[in-house]
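Okay, so here's the structure we're looking at.
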Amino acid sequence: MRFLIRHFLQMIQFFGALIGNMGWKPRPSSNAHDLLKAAWISKFIDDDSRVLDVGGGNGRRLSDLSLYVRDLNGVSIDVYEPEQIVLPIDTMKAPEISTFDGISIPFSENEFDVVLVCYVLHHLSETHSQKLLANATSVAAKRVILLEDSRPTFDLPYRLRNWAHATESNLLYEARSDDFARNFKHSFKTHNQWEEVLKGLPSVKKVQCVPLDQISRYRHHTMFVLDLN
Ligand SMILES: C[S@@+](CC[C@H](N)C(=O)[O-])C[C@H]1O[C@@H](n2cnc3c(N)ncnc32)[C@H](O)[C@@H]1O
């Protein structure tokens, strides 16, 4: 009986909210996984920091981060011109958005406290990725944070997934910008492979590999935190 009454009351709640919300559009915002990622990333960013997001599209990760980092001063650059972001909260400061050629980061040395490069590098060729990474490190004073699709090893289903992801994204990005360098030879790396590459970068003092599998929808989401000299 209690079960039936509860279900009846749940139905009233459902239809009441459905009708009560007619004509109201929920504000587009990041999903729970992205907000959890932002919470983890924020542990490595001090309040009042100036943060550059390379390949940051409309700046939505910076806007997520602003929910956790006080007075974050965010700039996002990408190879295409994105649509204006709708901020989760009206009073928040919108990140500055601009375009660049996908290689020469148009800022001076140490201009930012932290530079983010999220899910970008595996789309580029090895040489391109190395150059962009070196440029990202030079404009960062304290830290570079990467988010990558990375696993301790890639088994066959994952290799297939990576190939399909890289190919599909190439088709999207090249249609969006002439500055996207088409590359069907993607450069996904395992945790160890990334650590090896990152430790070899000049001015990198320490590399931490932080698997985000506990808070992500998929196990391949991984963060690499590079502390700089
Ligand atoms: C998978 S999306 C990730 C977007 C965003 N960083 C995020 O985490 O949601 C990859 C992004 O990399 C950008 N991109 C592609 N080539 C790039 C390059 N050479 N330099 C910077 N961004 C690039 C694409 O335009 C796209 O916005």
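Each chain of the structure tokens is named A, B, ... in the order shown, its residues numbered from 1; ligands are numbered from 1 in display order.
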So which residues are near ligand 1, meaning at most 6 Å away with only C-alpha atoms and all ligand atoms counted, given back as a JSON list (two decimals) with N, CA and C atoms, in the first residue's frame?
```json
[["chain", "number", "residue", "atom", "x", "y", "z"],
["A", 54, "VAL", "N", 44.02, 26.28, -24.30],
["A", 54, "VAL", "CA", 44.40, 26.14, -25.71],
["A", 54, "VAL", "C", 43.51, 25.06, -26.34],
["A", 55, "GLY", "N", 42.78, 25.44, -27.39],
["A", 55, "GLY", "CA", 41.82, 24.50, -27.97],
["A", 55, "GLY", "C", 40.56, 24.46, -27.10],
["A", 56, "GLY", "N", 40.29, 25.58, -26.48],
["A", 56, "GLY", "CA", 39.21, 25.63, -25.48],
["A", 56, "GLY", "C", 37.83, 25.93, -26.05],
["A", 57, "GLY", "N", 37.70, 26.00, -27.39],
["A", 57, "GLY", "CA", 36.39, 26.25, -27.99],
["A", 57, "GLY", "C", 35.75, 27.50, -27.41],
["A", 78, "ASP", "N", 41.26, 28.98, -29.94],
["A", 78, "ASP", "CA", 40.99, 27.76, -30.73],
["A", 78, "ASP", "C", 41.17, 28.10, -32.20],
["A", 79, "VAL", "N", 41.12, 27.09, -33.06],
["A", 79, "VAL", "CA", 41.33, 27.33, -34.50],
["A", 79, "VAL", "C", 40.04, 27.73, -35.21],
["A", 80, "TYR", "N", 38.92, 27.75, -34.49],
["A", 80, "TYR", "CA", 37.66, 28.17, -35.12],
["A", 80, "TYR", "C", 36.96, 29.17, -34.21],
["A", 102, "GLY", "N", 46.69, 27.67, -34.58],
["A", 102, "GLY", "CA", 46.80, 26.27, -34.14],
["A", 102, "GLY", "C", 48.21, 25.85, -33.80],
["A", 103, "ILE", "N", 49.14, 26.82, -33.82],
["A", 103, "ILE", "CA", 50.53, 26.46, -33.48],
["A", 103, "ILE", "C", 51.24, 27.55, -32.68],
["A", 118, "CYS", "N", 43.05, 20.64, -23.32],
["A", 118, "CYS", "CA", 42.13, 19.55, -22.99],
["A", 118, "CYS", "C", 41.64, 18.82, -24.24],
["A", 119, "TYR", "N", 42.02, 17.57, -24.35],
["A", 119, "TYR", "CA", 41.55, 16.69, -25.43],
["A", 119, "TYR", "C", 41.87, 17.26, -26.81],
["A", 120, "VAL", "N", 43.04, 17.88, -26.95],
["A", 120, "VAL", "CA", 43.44, 18.48, -28.23],
["A", 120, "VAL", "C", 44.58, 17.69, -28.85],
["A", 173, "TYR", "N", 36.45, 18.94, -37.57],
["A", 173, "TYR", "CA", 37.31, 20.11, -37.39],
["A", 173, "TYR", "C", 37.74, 20.72, -38.72],
["A", 180, "PHE", "N", 42.76, 24.08, -39.08],
["A", 180, "PHE", "CA", 42.91, 22.74, -38.51],
["A", 180, "PHE", "C", 43.78, 21.92, -39.44]]
```
Please, which residues in range 23-107 of chain A fall within 12 Å of range 133-153 of chain A when counting only C-alpha atoms, and what is the closest atom pair and distance in Å to one decimal for each, ordered by chain then residue number, as JSON lines?
```
{"residue": "A:Asp34", "atom": "CA", "partner": "A:Leu147", "partner_atom": "CA", "distance": 11.5}
{"residue": "A:Lys37", "atom": "CA", "partner": "A:Leu147", "partner_atom": "CA", "distance": 9.5}
{"residue": "A:Ala38", "atom": "CA", "partner": "A:Leu147", "partner_atom": "CA", "distance": 10.9}
{"residue": "A:Trp40", "atom": "CA", "partner": "A:Ile145", "partner_atom": "CA", "distance": 11.2}
{"residue": "A:Ile41", "atom": "CA", "partner": "A:Ile145", "partner_atom": "CA", "distance": 7.9}
{"residue": "A:Ser42", "atom": "CA", "partner": "A:Ile145", "partner_atom": "CA", "distance": 10.4}
{"residue": "A:Lys43", "atom": "CA", "partner": "A:Ile145", "partner_atom": "CA", "distance": 11.3}
{"residue": "A:Phe44", "atom": "CA", "partner": "A:Arg143", "partner_atom": "CA", "distance": 8.2}
{"residue": "A:Ile45", "atom": "CA", "partner": "A:Arg143", "partner_atom": "CA", "distance": 8.5}
{"residue": "A:Asp46", "atom": "CA", "partner": "A:Lys142", "partner_atom": "CA", "distance": 10.3}
{"residue": "A:Ser49", "atom": "CA", "partner": "A:Lys142", "partner_atom": "CA", "distance": 10.2}
{"residue": "A:Arg50", "atom": "CA", "partner": "A:Ala140", "partner_atom": "CA", "distance": 9.5}
{"residue": "A:Val51", "atom": "CA", "partner": "A:Ala140", "partner_atom": "CA", "distance": 8.6}
{"residue": "A:Leu52", "atom": "CA", "partner": "A:Ala140", "partner_atom": "CA", "distance": 8.4}
{"residue": "A:Asp53", "atom": "CA", "partner": "A:Ala136", "partner_atom": "CA", "distance": 9.4}
{"residue": "A:Val54", "atom": "CA", "partner": "A:Ala136", "partner_atom": "CA", "distance": 7.7}
{"residue": "A:Gly55", "atom": "CA", "partner": "A:Ala136", "partner_atom": "CA", "distance": 10.9}
{"residue": "A:Gly56", "atom": "CA", "partner": "A:Leu147", "partner_atom": "CA", "distance": 11.4}
{"residue": "A:Arg61", "atom": "CA", "partner": "A:Leu147", "partner_atom": "CA", "distance": 11.2}
{"residue": "A:Ile77", "atom": "CA", "partner": "A:Ala136", "partner_atom": "CA", "distance": 11.4}
{"residue": "A:Gly102", "atom": "CA", "partner": "A:Asn135", "partner_atom": "CA", "distance": 10.6}
{"residue": "A:Ile103", "atom": "CA", "partner": "A:Asn135", "partner_atom": "CA", "distance": 7.7}
{"residue": "A:Ser104", "atom": "CA", "partner": "A:Asn135", "partner_atom": "CA", "distance": 6.9}
{"residue": "A:Ile105", "atom": "CA", "partner": "A:Asn135", "partner_atom": "CA", "distance": 6.4}
{"residue": "A:Pro106", "atom": "CA", "partner": "A:Val139", "partner_atom": "CA", "distance": 9.1}
{"residue": "A:Phe107", "atom": "CA", "partner": "A:Val139", "partner_atom": "CA", "distance": 6.5}
```
Determine which residues of range 11-191 of chain A receive a DSSP assignment of strand (DSSP E or B), computed from the backbone, and state them as a VMD selection string.
chain A and resid 50 to 54 73 to 78 96 to 99 112 to 118 140 to 149
File of the preceding selection, C-alpha atoms, as a compact mmCIF listing (two decimals), in the first residue's frame:
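The resulting selection.txt:
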```
# COMPACT_ATOMS: atom_id res chain seq x y z
CA ARG A 50 45.20 33.96 -15.14
CA VAL A 51 44.43 30.79 -17.12
CA LEU A 52 44.74 30.08 -20.85
CA ASP A 53 42.78 27.21 -22.42
CA VAL A 54 44.40 26.14 -25.71
CA ASN A 73 40.78 35.32 -15.32
CA GLY A 74 40.25 33.05 -18.33
CA VAL A 75 41.26 33.22 -21.99
CA SER A 76 40.35 30.55 -24.54
CA ILE A 77 41.95 30.18 -27.98
CA ASP A 78 40.99 27.76 -30.73
CA GLU A 96 37.88 36.02 -23.41
CA ILE A 97 37.67 34.05 -26.66
CA SER A 98 39.88 34.36 -29.72
CA THR A 99 41.25 32.38 -32.64
CA PHE A 112 49.58 32.95 -17.70
CA ASP A 113 49.78 31.21 -14.36
CA VAL A 114 48.28 28.02 -15.78
CA VAL A 115 47.70 26.73 -19.31
CA LEU A 116 45.13 24.01 -20.06
CA VAL A 117 45.19 21.80 -23.16
CA CYS A 118 42.13 19.55 -22.99
CA ALA A 140 52.76 29.28 -18.58
CA ALA A 141 54.53 30.48 -15.46
CA LYS A 142 53.53 27.77 -12.97
CA ARG A 143 51.73 24.84 -14.50
CA VAL A 144 50.38 23.14 -17.62
CA ILE A 145 47.39 20.83 -17.23
CA LEU A 146 46.49 18.34 -19.95
CA LEU A 147 43.33 16.30 -20.27
CA GLU A 148 43.82 13.38 -22.62
CA ASP A 149 42.22 10.16 -23.76
```
Residues within 8 Å of range 195-199 of chain A, only C-alpha atoms, excluding chain neighbours under 3 positions, as a list in words
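My reading of the contact set: His191, Asn192, Val204, Lys205, Lys206, Val207, Gln208, Cys209 and Leu226 of chain A.
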Pick from A:Leu228, A:Leu62, A:Leu132, A:Ile19: nearest to Leu87 in chain A, with only C-alpha atoms counted?
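Smallest separation from Leu87 in chain A among the options: A:Leu62.
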Taking the chain letters and numbering used in this document, name the residues of range 37-69 of chain A that DSSP puts in helix (DSSP H, G or I), as a list in words.
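Assigned to helix (DSSP H, G or I), within range 37-69 of chain A: Lys37, Ala38, Ala39, Trp40, Ile41, Ser42, Arg60, Arg61, Leu62, Ser63, Asp64 and Leu65 of chain A.
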Work out how far CA of Asp48 in chain A is from CA of Leu72 in chain A, in Å to one decimal.
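Taking CA of Leu72 in chain A as the start and CA of Asp48 in chain A as the end point, the length is 5.1 Å.
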Could you name the residues that touch Thr91 in chain A at 12 Å or less, counting only C-alpha atoms, but leaving out those on the same chain fewer than 5 positions away, as a ChimeraX atom specification?
/A:63,66-67,71,86
Filtering to all heavy atoms, could you give me those residues as a short mmCIF file (atom, residue, chain, number, x, y, z; two decimals), in the first residue's frame?
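The result, written out as result.cif:
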```
data_model
loop_
_atom_site.label_atom_id
_atom_site.label_comp_id
_atom_site.auth_asym_id
_atom_site.auth_seq_id
_atom_site.Cartn_x
_atom_site.Cartn_y
_atom_site.Cartn_z
N SER A 63 34.66 28.40 -17.88
CA SER A 63 33.46 28.84 -17.17
C SER A 63 33.12 27.83 -16.06
O SER A 63 32.76 28.23 -14.95
CB SER A 63 32.35 29.08 -18.19
OG SER A 63 31.21 28.38 -17.90
N SER A 66 35.43 28.48 -13.17
CA SER A 66 35.12 29.69 -12.40
C SER A 66 34.16 29.41 -11.26
O SER A 66 34.01 30.22 -10.36
CB SER A 66 34.47 30.74 -13.30
OG SER A 66 35.33 31.05 -14.33
N LEU A 67 33.48 28.26 -11.32
CA LEU A 67 32.60 27.90 -10.21
C LEU A 67 33.41 27.47 -8.99
O LEU A 67 32.89 27.42 -7.88
CB LEU A 67 31.65 26.76 -10.63
CG LEU A 67 30.66 27.08 -11.75
CD1 LEU A 67 30.00 25.81 -12.26
CD2 LEU A 67 29.61 28.06 -11.27
N ASP A 71 37.72 34.45 -8.78
CA ASP A 71 38.33 35.49 -9.63
C ASP A 71 39.24 34.93 -10.71
O ASP A 71 40.31 35.48 -10.99
CB ASP A 71 39.12 36.50 -8.78
CG ASP A 71 38.20 37.24 -7.83
OD1 ASP A 71 37.06 37.53 -8.23
OD2 ASP A 71 38.61 37.51 -6.68
N VAL A 86 26.87 30.35 -23.05
CA VAL A 86 25.88 30.81 -22.07
C VAL A 86 26.44 30.44 -20.70
O VAL A 86 26.69 29.27 -20.41
CB VAL A 86 24.52 30.10 -22.29
CG1 VAL A 86 23.52 30.55 -21.23
CG2 VAL A 86 24.00 30.37 -23.69
#
```
Rank nothing, just name the residue among A:Arg176, A:Met11, A:Gly16, A:Arg60 nearest to Ser30 in chain A, using only C-alpha atoms.
A:Arg60
